[in-house]
Every structure is written in structure tokens, then in C-alpha cells.
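What's in final-v8.cif: mmCIF, C-alpha atoms; chains and numbers go by the auth columns
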data_run
loop_
_atom_site.group_PDB
_atom_site.id
_atom_site.type_symbol
_atom_site.label_atom_id
_atom_site.label_comp_id
_atom_site.label_asym_id
_atom_site.label_seq_id
_atom_site.Cartn_x
_atom_site.Cartn_y
_atom_site.Cartn_z
_atom_site.B_iso_or_equiv
_atom_site.auth_seq_id
_atom_site.auth_asym_id
ATOM 1 C CA ASN A 1 185.571 21.458 -27.594 0.00 1 A
ATOM 2 C CA ASP A 2 185.603 24.533 -29.834 0.00 2 A
ATOM 3 C CA LYS A 3 186.861 22.645 -32.886 0.00 3 A
ATOM 4 C CA PRO A 4 183.816 20.314 -33.262 0.00 4 A
ATOM 5 C CA LYS A 5 181.518 23.318 -32.818 0.00 5 A
ATOM 6 C CA ALA A 6 183.372 25.217 -35.529 0.00 6 A
ATOM 7 C CA LEU A 7 183.185 22.244 -37.872 0.00 7 A
ATOM 8 C CA HIS A 8 179.452 21.916 -37.205 0.00 8 A
ATOM 9 C CA MET A 9 178.899 25.629 -37.892 0.00 9 A
ATOM 10 C CA ASN A 10 180.895 25.401 -41.135 0.00 10 A
ATOM 11 C CA ALA A 11 178.876 22.378 -42.254 0.00 11 A
ATOM 12 C CA THR A 12 175.629 24.178 -41.429 0.00 12 A
ATOM 13 C CA MET A 13 176.730 27.278 -43.355 0.00 13 A
ATOM 14 C CA SER A 14 177.750 25.145 -46.336 0.00 14 A
ATOM 15 C CA ALA A 15 174.382 23.381 -46.391 0.00 15 A
ATOM 16 C CA THR A 16 172.578 26.740 -46.212 0.00 16 A
ATOM 17 C CA GLN A 17 174.692 28.122 -49.035 0.00 17 A
ATOM 18 C CA VAL A 18 173.924 25.098 -51.198 0.00 18 A
ATOM 19 C CA ARG A 19 170.189 25.547 -50.631 0.00 19 A
ATOM 20 C CA LEU A 20 170.402 29.245 -51.489 0.00 20 A
ATOM 21 C CA ILE A 21 172.327 28.495 -54.673 0.00 21 A
ATOM 22 C CA ARG A 22 169.734 25.909 -55.711 0.00 22 A
ATOM 23 C CA LEU A 23 166.893 28.339 -55.001 0.00 23 A
ATOM 24 C CA ALA A 24 168.630 31.091 -56.950 0.00 24 A
ATOM 25 C CA LEU A 25 169.128 28.748 -59.901 0.00 25 A
ATOM 26 C CA VAL A 26 165.437 27.772 -59.953 0.00 26 A
ATOM 27 C CA VAL A 27 164.341 31.414 -59.733 0.00 27 A
ATOM 28 C CA ALA A 28 166.739 32.414 -62.511 0.00 28 A
ATOM 29 C CA LEU A 29 165.429 29.671 -64.795 0.00 29 A
ATOM 30 C CA LEU A 30 161.834 30.722 -64.152 0.00 30 A
ATOM 31 C CA VAL A 31 162.668 34.367 -64.894 0.00 31 A
ATOM 32 C CA VAL A 32 164.440 33.467 -68.142 0.00 32 A
ATOM 33 C CA TRP A 33 161.525 31.229 -69.135 0.00 33 A
ATOM 34 C CA GLU A 34 158.996 33.992 -68.440 0.00 34 A
ATOM 35 C CA LEU A 35 160.983 36.638 -70.326 0.00 35 A
ATOM 36 C CA TYR A 36 161.453 34.364 -73.317 0.00 36 A
ATOM 37 C CA ALA A 37 157.755 33.501 -73.460 0.00 37 A
ATOM 38 C CA ARG A 38 156.692 37.147 -73.089 0.00 38 A
ATOM 39 C CA PHE A 39 159.158 39.064 -75.246 0.00 39 A
ATOM 40 C CA VAL A 40 161.148 36.691 -77.488 0.00 40 A
ATOM 41 C CA SER A 41 158.958 33.796 -78.621 0.00 41 A
ATOM 42 C CA THR A 42 156.677 34.378 -81.583 0.00 42 A
ATOM 43 C CA SER A 43 154.754 31.131 -81.096 0.00 43 A
ATOM 44 C CA SER A 44 151.431 31.117 -79.304 0.00 44 A
ATOM 45 C CA LEU A 45 152.235 27.588 -78.067 0.00 45 A
ATOM 46 C CA ILE A 46 155.072 28.858 -75.840 0.00 46 A
ATOM 47 C CA THR A 47 153.669 29.829 -72.463 0.00 47 A
ATOM 48 C CA GLY A 48 155.361 31.312 -69.419 0.00 48 A
ATOM 49 C CA PRO A 49 155.399 30.175 -65.779 0.00 49 A
ATOM 50 C CA SER A 50 152.748 32.731 -64.835 0.00 50 A
ATOM 51 C CA ASP A 51 150.301 31.288 -67.370 0.00 51 A
ATOM 52 C CA VAL A 52 151.143 27.772 -66.205 0.00 52 A
ATOM 53 C CA ALA A 53 150.486 28.738 -62.584 0.00 53 A
ATOM 54 C CA LEU A 54 147.131 30.255 -63.504 0.00 54 A
ATOM 55 C CA ALA A 55 146.195 27.164 -65.497 0.00 55 A
ATOM 56 C CA TRP A 56 147.232 24.737 -62.727 0.00 56 A
ATOM 57 C CA TRP A 57 144.218 25.828 -60.667 0.00 57 A
ATOM 58 C CA PRO A 58 141.334 25.663 -61.364 0.00 58 A
ATOM 59 C CA LYS A 59 141.624 24.564 -65.004 0.00 59 A
ATOM 60 C CA VAL A 60 143.824 21.507 -64.396 0.00 60 A
ATOM 61 C CA MET A 61 143.818 20.387 -60.764 0.00 61 A
ATOM 62 C CA GLY A 62 140.394 21.917 -60.235 0.00 62 A
ATOM 63 C CA ASP A 63 138.993 19.340 -62.642 0.00 63 A
ATOM 64 C CA PRO A 64 137.788 16.249 -60.699 0.00 64 A
ATOM 65 C CA GLY A 65 138.732 14.042 -63.654 0.00 65 A
ATOM 66 C CA VAL A 66 142.342 15.275 -63.598 0.00 66 A
ATOM 67 C CA ARG A 67 142.614 14.812 -59.839 0.00 67 A
ATOM 68 C CA THR A 68 141.357 11.258 -60.198 0.00 68 A
ATOM 69 C CA ALA A 69 143.851 10.699 -63.023 0.00 69 A
ATOM 70 C CA VAL A 70 146.746 11.879 -60.837 0.00 70 A
ATOM 71 C CA VAL A 71 145.733 9.477 -58.061 0.00 71 A
ATOM 72 C CA VAL A 72 145.336 6.595 -60.526 0.00 72 A
ATOM 73 C CA THR A 73 148.750 7.247 -62.081 0.00 73 A
ATOM 74 C CA LEU A 74 150.381 7.495 -58.649 0.00 74 A
ATOM 75 C CA ILE A 75 148.886 4.168 -57.544 0.00 75 A
ATOM 76 C CA GLU A 76 149.942 2.455 -60.766 0.00 76 A
ATOM 77 C CA LEU A 77 153.442 3.894 -60.449 0.00 77 A
ATOM 78 C CA VAL A 78 153.866 2.828 -56.821 0.00 78 A
ATOM 79 C CA VAL A 79 152.622 -0.719 -57.508 0.00 79 A
ATOM 80 C CA ALA A 80 154.798 -1.134 -60.609 0.00 80 A
ATOM 81 C CA PHE A 81 157.868 0.273 -58.851 0.00 81 A
ATOM 82 C CA ALA A 82 157.359 -1.887 -55.751 0.00 82 A
ATOM 83 C CA MET A 83 157.097 -4.983 -57.954 0.00 83 A
ATOM 84 C CA SER A 84 160.248 -3.936 -59.830 0.00 84 A
ATOM 85 C CA VAL A 85 162.192 -3.553 -56.576 0.00 85 A
ATOM 86 C CA VAL A 86 161.049 -6.830 -55.010 0.00 86 A
ATOM 87 C CA PHE A 87 161.425 -9.058 -58.056 0.00 87 A
ATOM 88 C CA GLY A 88 164.438 -7.195 -59.425 0.00 88 A
ATOM 89 C CA MET A 89 166.465 -7.506 -56.229 0.00 89 A
ATOM 90 C CA LEU A 90 165.417 -11.124 -55.740 0.00 90 A
ATOM 91 C CA ILE A 91 166.448 -12.100 -59.264 0.00 91 A
ATOM 92 C CA GLY A 92 169.628 -10.022 -59.028 0.00 92 A
ATOM 93 C CA VAL A 93 170.691 -11.684 -55.779 0.00 93 A
ATOM 94 C CA LEU A 94 169.956 -15.183 -57.100 0.00 94 A
ATOM 95 C CA ILE A 95 171.989 -14.518 -60.258 0.00 95 A
ATOM 96 C CA GLY A 96 174.812 -12.640 -58.550 0.00 96 A
ATOM 97 C CA LEU A 97 175.442 -15.075 -55.699 0.00 97 A
ATOM 98 C CA THR A 98 177.460 -17.505 -57.827 0.00 98 A
ATOM 99 C CA ASN A 99 179.828 -17.249 -60.778 0.00 99 A
ATOM 100 C CA ILE A 100 177.867 -19.836 -62.732 0.00 100 A
ATOM 101 C CA GLY A 101 174.687 -17.821 -62.202 0.00 101 A
ATOM 102 C CA ARG A 102 176.296 -14.650 -63.508 0.00 102 A
ATOM 103 C CA ARG A 103 177.879 -16.418 -66.481 0.00 103 A
ATOM 104 C CA SER A 104 174.670 -18.249 -67.379 0.00 104 A
ATOM 105 C CA PHE A 105 171.913 -15.686 -66.844 0.00 105 A
ATOM 106 C CA TYR A 106 173.517 -12.218 -66.791 0.00 106 A
ATOM 107 C CA PRO A 107 174.004 -12.065 -70.599 0.00 107 A
ATOM 108 C CA ALA A 108 170.333 -12.962 -71.061 0.00 108 A
ATOM 109 C CA VAL A 109 169.327 -10.139 -68.699 0.00 109 A
ATOM 110 C CA LEU A 110 171.458 -7.664 -70.653 0.00 110 A
ATOM 111 C CA LEU A 111 169.938 -8.903 -73.901 0.00 111 A
ATOM 112 C CA LEU A 112 166.394 -8.361 -72.628 0.00 112 A
ATOM 113 C CA TYR A 113 167.405 -4.990 -71.144 0.00 113 A
ATOM 114 C CA GLY A 114 168.574 -3.856 -74.573 0.00 114 A
ATOM 115 C CA ILE A 115 165.199 -4.457 -76.232 0.00 115 A
ATOM 116 C CA PRO A 116 163.260 -1.166 -76.663 0.00 116 A
ATOM 117 C CA GLN A 117 160.271 -1.652 -74.403 0.00 117 A
ATOM 118 C CA ALA A 118 158.015 0.599 -76.492 0.00 118 A
ATOM 119 C CA ILE A 119 157.806 -1.983 -79.287 0.00 119 A
ATOM 120 C CA LEU A 120 156.410 -4.505 -76.791 0.00 120 A
ATOM 121 C CA LEU A 121 153.430 -2.355 -75.798 0.00 121 A
ATOM 122 C CA PRO A 122 151.010 -4.115 -78.210 0.00 122 A
ATOM 123 C CA LEU A 123 151.916 -7.443 -76.602 0.00 123 A
ATOM 124 C CA PHE A 124 151.097 -6.078 -73.149 0.00 124 A
ATOM 125 C CA VAL A 125 147.761 -4.829 -74.449 0.00 125 A
ATOM 126 C CA LEU A 126 146.960 -8.273 -75.872 0.00 126 A
ATOM 127 C CA MET A 127 147.880 -9.971 -72.609 0.00 127 A
ATOM 128 C CA PHE A 128 146.443 -7.510 -70.061 0.00 128 A
ATOM 129 C CA GLY A 129 143.889 -5.430 -71.976 0.00 129 A
ATOM 130 C CA ILE A 130 143.655 -1.647 -71.644 0.00 130 A
ATOM 131 C CA GLY A 131 142.998 -1.449 -67.916 0.00 131 A
ATOM 132 C CA PRO A 132 145.345 -0.684 -65.017 0.00 132 A
ATOM 133 C CA ALA A 133 146.970 -4.128 -65.271 0.00 133 A
ATOM 134 C CA ALA A 134 148.515 -3.285 -68.656 0.00 134 A
ATOM 135 C CA LYS A 135 149.934 0.007 -67.373 0.00 135 A
ATOM 136 C CA ILE A 136 151.351 -1.585 -64.232 0.00 136 A
ATOM 137 C CA ALA A 137 152.867 -4.450 -66.223 0.00 137 A
ATOM 138 C CA PHE A 138 154.384 -2.094 -68.792 0.00 138 A
ATOM 139 C CA GLY A 139 155.864 0.100 -66.057 0.00 139 A
ATOM 140 C CA PHE A 140 157.177 -3.025 -64.327 0.00 140 A
ATOM 141 C CA SER A 141 158.883 -4.151 -67.552 0.00 141 A
ATOM 142 C CA HIS A 142 160.734 -0.811 -67.640 0.00 142 A
ATOM 143 C CA GLY A 143 161.768 -0.775 -63.988 0.00 143 A
ATOM 144 C CA ILE A 144 162.867 -4.325 -63.247 0.00 144 A
ATOM 145 C CA PHE A 145 165.963 -4.494 -65.456 0.00 145 A
ATOM 146 C CA PRO A 146 167.883 -1.547 -63.918 0.00 146 A
ATOM 147 C CA VAL A 147 167.269 -3.098 -60.494 0.00 147 A
ATOM 148 C CA ILE A 148 168.553 -6.517 -61.624 0.00 148 A
ATOM 149 C CA VAL A 149 171.622 -5.111 -63.382 0.00 149 A
ATOM 150 C CA ASN A 150 172.633 -2.814 -60.524 0.00 150 A
ATOM 151 C CA THR A 151 172.030 -5.501 -57.909 0.00 151 A
ATOM 152 C CA ILE A 152 174.349 -7.878 -59.752 0.00 152 A
ATOM 153 C CA ALA A 153 176.923 -5.112 -60.254 0.00 153 A
ATOM 154 C CA GLY A 154 176.777 -4.240 -56.553 0.00 154 A
ATOM 155 C CA MET A 155 177.344 -7.847 -55.540 0.00 155 A
ATOM 156 C CA ARG A 156 180.335 -8.109 -57.857 0.00 156 A
ATOM 157 C CA ASN A 157 181.910 -5.057 -56.201 0.00 157 A
ATOM 158 C CA VAL A 158 181.997 -6.695 -52.763 0.00 158 A
ATOM 159 C CA SER A 159 185.457 -7.926 -51.825 0.00 159 A
ATOM 160 C CA PRO A 160 185.638 -11.751 -51.753 0.00 160 A
ATOM 161 C CA LEU A 161 187.870 -11.439 -48.677 0.00 161 A
ATOM 162 C CA LEU A 162 184.994 -9.981 -46.671 0.00 162 A
ATOM 163 C CA VAL A 163 182.624 -12.731 -47.742 0.00 163 A
ATOM 164 C CA GLY A 164 185.246 -15.400 -47.096 0.00 164 A
ATOM 165 C CA GLY A 165 185.985 -13.962 -43.667 0.00 165 A
ATOM 166 C CA ALA A 166 182.313 -14.044 -42.726 0.00 166 A
ATOM 167 C CA ALA A 167 182.020 -17.636 -43.947 0.00 167 A
ATOM 168 C CA ALA A 168 185.106 -18.620 -41.948 0.00 168 A
ATOM 169 C CA MET A 169 183.480 -17.248 -38.801 0.00 169 A
ATOM 170 C CA GLY A 170 180.404 -19.401 -39.356 0.00 170 A
ATOM 171 C CA ALA A 171 178.033 -17.004 -41.109 0.00 171 A
ATOM 172 C CA THR A 172 175.361 -18.674 -43.200 0.00 172 A
ATOM 173 C CA ARG A 173 174.789 -17.670 -46.819 0.00 173 A
ATOM 174 C CA MET A 174 171.818 -15.503 -45.865 0.00 174 A
ATOM 175 C CA GLN A 175 173.834 -13.856 -43.076 0.00 175 A
ATOM 176 C CA GLN A 176 176.616 -13.119 -45.553 0.00 176 A
ATOM 177 C CA VAL A 177 174.108 -11.420 -47.854 0.00 177 A
ATOM 178 C CA ARG A 178 172.424 -9.502 -45.015 0.00 178 A
ATOM 179 C CA TYR A 179 175.453 -8.320 -43.043 0.00 179 A
ATOM 180 C CA VAL A 180 178.321 -8.252 -45.559 0.00 180 A
ATOM 181 C CA ILE A 181 177.134 -8.120 -49.160 0.00 181 A
ATOM 182 C CA PHE A 182 174.068 -5.883 -48.872 0.00 182 A
ATOM 183 C CA PRO A 183 175.676 -3.016 -46.870 0.00 183 A
ATOM 184 C CA HIS A 184 178.491 -2.761 -49.429 0.00 184 A
ATOM 185 C CA MET A 185 176.169 -2.719 -52.434 0.00 185 A
ATOM 186 C CA VAL A 186 173.739 -0.090 -51.109 0.00 186 A
ATOM 187 C CA ALA A 187 175.070 2.782 -53.250 0.00 187 A
ATOM 188 C CA THR A 188 174.971 0.761 -56.466 0.00 188 A
ATOM 189 C CA VAL A 189 171.555 -0.730 -55.778 0.00 189 A
ATOM 190 C CA PHE A 190 169.945 2.599 -54.960 0.00 190 A
ATOM 191 C CA ALA A 191 171.424 4.161 -58.078 0.00 191 A
ATOM 192 C CA GLY A 192 169.540 1.454 -59.944 0.00 192 A
ATOM 193 C CA LEU A 193 166.383 2.172 -57.937 0.00 193 A
ATOM 194 C CA ARG A 194 166.449 5.843 -58.930 0.00 194 A
ATOM 195 C CA LEU A 195 166.834 4.890 -62.578 0.00 195 A
ATOM 196 C CA ALA A 196 164.090 2.278 -62.188 0.00 196 A
ATOM 197 C CA MET A 197 161.753 4.905 -60.716 0.00 197 A
ATOM 198 C CA THR A 198 162.219 7.153 -63.749 0.00 198 A
ATOM 199 C CA LEU A 199 161.788 4.318 -66.248 0.00 199 A
ATOM 200 C CA THR A 200 158.756 2.913 -64.430 0.00 200 A
ATOM 201 C CA LEU A 201 157.098 6.313 -64.608 0.00 201 A
ATOM 202 C CA LEU A 202 157.944 6.470 -68.300 0.00 202 A
ATOM 203 C CA GLY A 203 156.371 3.066 -68.912 0.00 203 A
ATOM 204 C CA VAL A 204 153.179 3.881 -67.005 0.00 204 A
ATOM 205 C CA VAL A 205 152.692 7.225 -68.769 0.00 205 A
ATOM 206 C CA LEU A 206 153.397 5.769 -72.217 0.00 206 A
ATOM 207 C CA ALA A 207 150.805 3.080 -71.643 0.00 207 A
ATOM 208 C CA GLU A 208 148.313 5.709 -70.494 0.00 208 A
ATOM 209 C CA ILE A 209 148.941 7.817 -73.592 0.00 209 A
ATOM 210 C CA PHE A 210 148.437 5.059 -76.131 0.00 210 A
ATOM 211 C CA VAL A 211 146.064 2.502 -74.605 0.00 211 A
ATOM 212 C CA SER A 212 144.071 4.242 -71.908 0.00 212 A
ATOM 213 C CA GLN A 213 141.242 6.666 -71.328 0.00 213 A
ATOM 214 C CA GLY A 214 142.427 7.681 -67.882 0.00 214 A
ATOM 215 C CA GLY A 215 145.522 8.689 -66.002 0.00 215 A
ATOM 216 C CA ILE A 216 147.888 11.609 -66.522 0.00 216 A
ATOM 217 C CA GLY A 217 149.055 10.275 -69.882 0.00 217 A
ATOM 218 C CA PHE A 218 145.537 10.448 -71.308 0.00 218 A
ATOM 219 C CA TYR A 219 145.090 14.079 -70.249 0.00 219 A
ATOM 220 C CA THR A 220 148.524 15.135 -71.543 0.00 220 A
ATOM 221 C CA LEU A 221 147.550 13.759 -74.950 0.00 221 A
ATOM 222 C CA SER A 222 144.172 15.482 -74.725 0.00 222 A
ATOM 223 C CA TYR A 223 145.698 18.879 -73.866 0.00 223 A
ATOM 224 C CA SER A 224 148.246 18.445 -76.658 0.00 224 A
ATOM 225 C CA GLU A 225 145.631 17.653 -79.281 0.00 225 A
ATOM 226 C CA THR A 226 143.487 20.640 -78.238 0.00 226 A
ATOM 227 C CA PHE A 227 146.476 23.032 -78.324 0.00 227 A
ATOM 228 C CA ASN A 228 146.303 23.959 -74.653 0.00 228 A
ATOM 229 C CA PRO A 229 150.001 24.517 -73.785 0.00 229 A
ATOM 230 C CA ALA A 230 149.465 26.104 -70.357 0.00 230 A
ATOM 231 C CA ALA A 231 147.342 23.206 -69.090 0.00 231 A
ATOM 232 C CA LEU A 232 149.719 20.699 -70.707 0.00 232 A
ATOM 233 C CA MET A 233 152.753 22.252 -69.007 0.00 233 A
ATOM 234 C CA ALA A 234 150.910 22.409 -65.684 0.00 234 A
ATOM 235 C CA LEU A 235 150.159 18.689 -65.904 0.00 235 A
ATOM 236 C CA VAL A 236 153.730 17.887 -66.933 0.00 236 A
ATOM 237 C CA LEU A 237 155.069 19.829 -63.953 0.00 237 A
ATOM 238 C CA THR A 238 152.653 17.963 -61.684 0.00 238 A
ATOM 239 C CA LEU A 239 154.063 14.723 -63.034 0.00 239 A
ATOM 240 C CA ALA A 240 157.605 16.014 -62.487 0.00 240 A
ATOM 241 C CA LEU A 241 156.842 16.935 -58.877 0.00 241 A
ATOM 242 C CA MET A 242 155.443 13.453 -58.340 0.00 242 A
ATOM 243 C CA ALA A 243 158.654 11.905 -59.672 0.00 243 A
ATOM 244 C CA ILE A 244 160.822 14.227 -57.551 0.00 244 A
ATOM 245 C CA ALA A 245 158.888 13.336 -54.400 0.00 245 A
ATOM 246 C CA LEU A 246 159.228 9.601 -55.013 0.00 246 A
ATOM 247 C CA ASN A 247 162.933 9.911 -55.807 0.00 247 A
ATOM 248 C CA GLU A 248 163.414 11.893 -52.609 0.00 248 A
ATOM 249 C CA LEU A 249 161.692 9.076 -50.727 0.00 249 A
ATOM 250 C CA VAL A 250 164.152 6.608 -52.282 0.00 250 A
ATOM 251 C CA ARG A 251 167.028 8.875 -51.227 0.00 251 A
ATOM 252 C CA LEU A 252 165.797 8.941 -47.622 0.00 252 A
ATOM 253 C CA VAL A 253 165.589 5.154 -47.564 0.00 253 A
ATOM 254 C CA GLU A 254 169.130 4.991 -48.972 0.00 254 A
ATOM 255 C CA ALA A 255 170.353 7.322 -46.225 0.00 255 A
ATOM 256 C CA ARG A 256 168.726 5.050 -43.659 0.00 256 A
ATOM 257 C CA PHE A 257 170.602 2.002 -44.950 0.00 257 A
ATOM 258 C CA SER A 258 173.880 3.938 -45.358 0.00 258 A
ATOM 259 C CA ARG A 259 174.225 5.157 -41.772 0.00 259 A
ATOM 260 C CA TRP A 260 176.981 2.648 -41.103 0.00 260 A
ATOM 261 C CA LYS A 261 179.298 4.610 -43.434 0.00 261 A
ATOM 262 C CA GLU A 262 179.288 7.533 -41.018 0.00 262 A
#
Here is the file; what I need is its structure written in the form of C-alpha cells.
Amino acid sequence: NDKPKALHMNATMSATQVRLIRLALVVALLVVWELYARFVSTSSLITGPSDVALAWWPKVMGDPGVRTAVVVTLIELVVAFAMSVVFGMLIGVLIGLTNIGRRSFYPAVLLLYGIPQAILLPLFVLMFGIGPAAKIAFGFSHGIFPVIVNTIAGMRNVSPLLVGGAAAMGATRMQQVRYVIFPHMVATVFAGLRLAMTLTLLGVVLAEIFVSQGGIGFYTLSYSETFNPAALMALVLTLALMAIALNELVRLVEARFSRWKE
């Protein structure tokens, strides 16, 4: 009885130590950043964390237009990412289920994945205009390919013996996917989802910078052109916190689907 308690205490201490190390690292980086901005840098465009914190409110987030832009960008990001997950996993499963599907369509997916998406932005503007639809579509074009590629890769990593055993016991094709294939491809798929989240955010913000008069991308360009580094950094950090929160949400969902490993 004492051994499980000791193991639990050791695990708790290790988790606490990891959190303290992470916190210490963040604090150290902020201190170095502040010292460099105050005493080393000779450029007026380099600003420290204290200036960024003062600019975050009320100059940045105190502006109703910026708050609206953050909400708009978040909605566009969530919609584009959700579309990337649904269509990406569906296409990935359809291609990865059979050898002929992988041999026929997987090279085409890799070819499209290799095209720099930024050069296609004018085409999205022609098709969808400069409204939210263009930004969602451009973010979707960035996020769908990592989901497809990682879904196919995850399906290829599943042992054929497991699938064959399930089929021999009468499992339908959908049951094989649900109870055998999907649980064993969770890690690979969610690695693709994290990458897709980052790329979707990149696509949405790029579209906002170049073809929009709203959203976080528009205000980052505005602060850059008016040489307002503190406000620009405050907005960038807001965007980073948004991405971290969404990636943490993806991690929690992954943990929910990975409980069987424990």
C-alpha cells in the first residue's frame, strides 16, 4: 500500500518541478528581454516587456476596434480549423483505407501540399472577395493538408494483423476504423492537428494583412507602418496566447482519446 502512495508523491513532485522550471524559464526570458531593451539596444524600435504591458491596456485592447478584430480573427480561425479537421480527416481516411487509394491520390496530395500557399492568395481574393470568406478559405487551404497527410500516415502505421483480426471476428469496415484503426493513429493525427492549427492561423492572418481592413492582421500592419513597436508586440503576444489556448484545447482532446493507453 505504501509503494503506490510513494509513486504518486514522486509523480506529483516531478510535475511540480516541471512547472517551476517552466515558470523560471519564462521569467528569465522576460528579464533578459527587459535588460536588453533598456540597457543594450540602441534602437528605439526595440521595446521591453514593461512597455508592452503598458501598451496592452488601454492602447491596444482598450480600443473597441482591436477587441472586435480579435473576436473576428478568432471566429475565422475556429471555422477554418474545424473545416480543415472535418474534411482533412474524411479525405485522409478515404485515401488511406486502401492501397490503390494511397497509390493513386497520395502523391497528388503531397504535390498540392508542396505548393507555397502564399502565391495562391490572389486567386482566393478573386474567388471569395476581401471579406471573411476569403480569410477562412485561405486558412482552410493551409490547414487541410497536414491533417490529410498525418491521417494517411497514421493509418499506414496500424498493424495489418490487428485489422485482419477484427475483420475475422466479423467487424465491419466502419467498426474496424472506429475501434482498431483510429485508436492507434491518435498520436499521429493529433500531431497533424497541432501543425494544422498553426498553419491555419498563419493563413488567416496573412489574408487579413494583405486583403482586409479588419482582424488582427490589419492592425499589426497598421502598428508596423506607424512605428508603434509596443502596441505591435502587445498584439502579437495576444495572437500568440490565442494560438497557445487553442493548441492546449487540442491537447486536452487528444488526452481524452488516448486514455486507453493508460
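Residues matched by the PyMOL selection byres ((chain A and resi 119-136) around 8) in this file are A:Glu76, A:Leu77, A:Val79, A:Ala80, A:Pro116, A:Gln117, A:Ala118, A:Ala137, A:Phe138, A:Gly139, A:Phe140, A:Gly203, A:Val204, A:Val205, A:Ala207, A:Glu208, A:Val211, A:Ser212.
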Would you translate the PyMOL selection byres ((chain A and resi 192) around 12) into the concrete set of residues it matches in this file, as a PDB file with C-alpha atoms, keeping the file's coordinate frame?
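Wrote it out as expr_30.pdb, contents follow:
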ATOM      1  CA  PHE A  81     157.868   0.273 -58.851  1.00  0.00           C
ATOM      2  CA  SER A  84     160.248  -3.936 -59.830  1.00  0.00           C
ATOM      3  CA  VAL A  85     162.192  -3.553 -56.576  1.00  0.00           C
ATOM      4  CA  GLY A  88     164.438  -7.195 -59.425  1.00  0.00           C
ATOM      5  CA  MET A  89     166.465  -7.506 -56.229  1.00  0.00           C
ATOM      6  CA  GLY A  92     169.628 -10.022 -59.028  1.00  0.00           C
ATOM      7  CA  HIS A 142     160.734  -0.811 -67.640  1.00  0.00           C
ATOM      8  CA  GLY A 143     161.768  -0.775 -63.988  1.00  0.00           C
ATOM      9  CA  ILE A 144     162.867  -4.325 -63.247  1.00  0.00           C
ATOM     10  CA  PHE A 145     165.963  -4.494 -65.456  1.00  0.00           C
ATOM     11  CA  PRO A 146     167.883  -1.547 -63.918  1.00  0.00           C
ATOM     12  CA  VAL A 147     167.269  -3.098 -60.494  1.00  0.00           C
ATOM     13  CA  ILE A 148     168.553  -6.517 -61.624  1.00  0.00           C
ATOM     14  CA  VAL A 149     171.622  -5.111 -63.382  1.00  0.00           C
ATOM     15  CA  ASN A 150     172.633  -2.814 -60.524  1.00  0.00           C
ATOM     16  CA  THR A 151     172.030  -5.501 -57.909  1.00  0.00           C
ATOM     17  CA  ILE A 152     174.349  -7.878 -59.752  1.00  0.00           C
ATOM     18  CA  ALA A 153     176.923  -5.112 -60.254  1.00  0.00           C
ATOM     19  CA  GLY A 154     176.777  -4.240 -56.553  1.00  0.00           C
ATOM     20  CA  MET A 185     176.169  -2.719 -52.434  1.00  0.00           C
ATOM     21  CA  VAL A 186     173.739  -0.090 -51.109  1.00  0.00           C
ATOM     22  CA  ALA A 187     175.070   2.782 -53.250  1.00  0.00           C
ATOM     23  CA  THR A 188     174.971   0.761 -56.466  1.00  0.00           C
ATOM     24  CA  VAL A 189     171.555  -0.730 -55.778  1.00  0.00           C
ATOM     25  CA  PHE A 190     169.945   2.599 -54.960  1.00  0.00           C
ATOM     26  CA  ALA A 191     171.424   4.161 -58.078  1.00  0.00           C
ATOM     27  CA  LEU A 193     166.383   2.172 -57.937  1.00  0.00           C
ATOM     28  CA  ARG A 194     166.449   5.843 -58.930  1.00  0.00           C
ATOM     29  CA  LEU A 195     166.834   4.890 -62.578  1.00  0.00           C
ATOM     30  CA  ALA A 196     164.090   2.278 -62.188  1.00  0.00           C
ATOM     31  CA  MET A 197     161.753   4.905 -60.716  1.00  0.00           C
ATOM     32  CA  THR A 198     162.219   7.153 -63.749  1.00  0.00           C
ATOM     33  CA  LEU A 199     161.788   4.318 -66.248  1.00  0.00           C
ATOM     34  CA  THR A 200     158.756   2.913 -64.430  1.00  0.00           C
ATOM     35  CA  ASN A 247     162.933   9.911 -55.807  1.00  0.00           C
ATOM     36  CA  VAL A 250     164.152   6.608 -52.282  1.00  0.00           C
ATOM     37  CA  ARG A 251     167.028   8.875 -51.227  1.00  0.00           C
ATOM     38  CA  GLU A 254     169.130   4.991 -48.972  1.00  0.00           C
TER      39      GLU A 254
END
Residue with smallest distance to A:Gly65 - pool A:Ile95, A:Leu239, A:Ile216, A:Leu249, counting all atoms listed in the file: A:Ile216
Chain and number of each residue from the PyMOL selection byres ((chain A and resi 179) around 12), as JSON, numbers by chain: {"A": [158, 162, 163, 165, 166, 167, 171, 172, 173, 174, 175, 176, 177, 178, 180, 181, 182, 183, 184, 185, 186, 257, 260]}
Distance of atom CA of A:Val236 from atom CA of A:Leu54, expressed in Å to one decimal place: 14.4 Å
Given all atoms listed in the file as the counted atoms, nearest of A:Ala168, A:Ile21, A:Leu30, A:Ile91 to A:Val52: A:Leu30
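Between atom CA of A:Gly217 and atom CA of A:Leu235 there is a distance of 9.4 Å.
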Test item: residues at most 12 Å from A:Ser50, all atoms listed in the file, excluding those fewer than 5 positions along its chain, as a count of residues only: 14
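The spacing separating atom CA of A:Ala69 from atom CA of A:Gly214 amounts to 5.9 Å.
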Enclose the full set of atoms of stretch 243-246 of chain A listed in the file within a box whose edges lie along x, y and z, apply 6 Å of padding to each of the six sides, and report centre and edge lengths in Å to one decimal as lines of an AutoDock Vina configuration file.
center_x = 159.7
center_y = 11.9
center_z = -57.0
size_x = 14.2
size_y = 16.6
size_z = 17.3
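Among A:Val70, A:Leu25, A:Met155, A:Met83, the residue with the shortest atom-to-atom distance to A:Arg102, counting all atoms listed in the file, is A:Met155.
In this comparison, which uses all atoms listed in the file, the residue of A:Gly170, A:Leu74, A:Pro49, A:Met242 approaching A:Val27 most closely is A:Pro49.
The shortest atom-to-atom distance to A:Pro229, with all atoms listed in the file taken into account, belongs to A:Ser44 out of A:Ser44, A:Ser104, A:Thr73, A:Asn99.
For the set A:Leu206, A:Arg67, A:Ser141, A:Ala53, the residue with the smallest atom-to-atom gap to A:Tyr113 is A:Ser141, counting all atoms listed in the file.
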Mind rebuilding stretch 49-54 of chain A with N, CA and C atoms and writing that out as a short mmCIF file (atom, residue, chain, number, x, y, z; two decimals), in the frame of the given file?
data_model
loop_
_atom_site.label_atom_id
_atom_site.label_comp_id
_atom_site.auth_asym_id
_atom_site.auth_seq_id
_atom_site.Cartn_x
_atom_site.Cartn_y
_atom_site.Cartn_z
N PRO A 49 155.76 30.75 -67.08
CA PRO A 49 155.40 30.18 -65.78
C PRO A 49 154.16 30.80 -65.17
N SER A 50 153.94 32.10 -65.40
CA SER A 50 152.75 32.73 -64.83
C SER A 50 151.47 32.14 -65.43
N ASP A 51 151.47 31.90 -66.74
CA ASP A 51 150.30 31.29 -67.37
C ASP A 51 150.10 29.85 -66.89
N VAL A 52 151.22 29.15 -66.69
CA VAL A 52 151.14 27.77 -66.20
C VAL A 52 150.55 27.74 -64.80
N ALA A 53 151.00 28.69 -63.95
CA ALA A 53 150.49 28.74 -62.58
C ALA A 53 148.99 29.04 -62.57
N LEU A 54 148.56 29.93 -63.44
CA LEU A 54 147.13 30.26 -63.50
C LEU A 54 146.30 29.09 -64.03
#
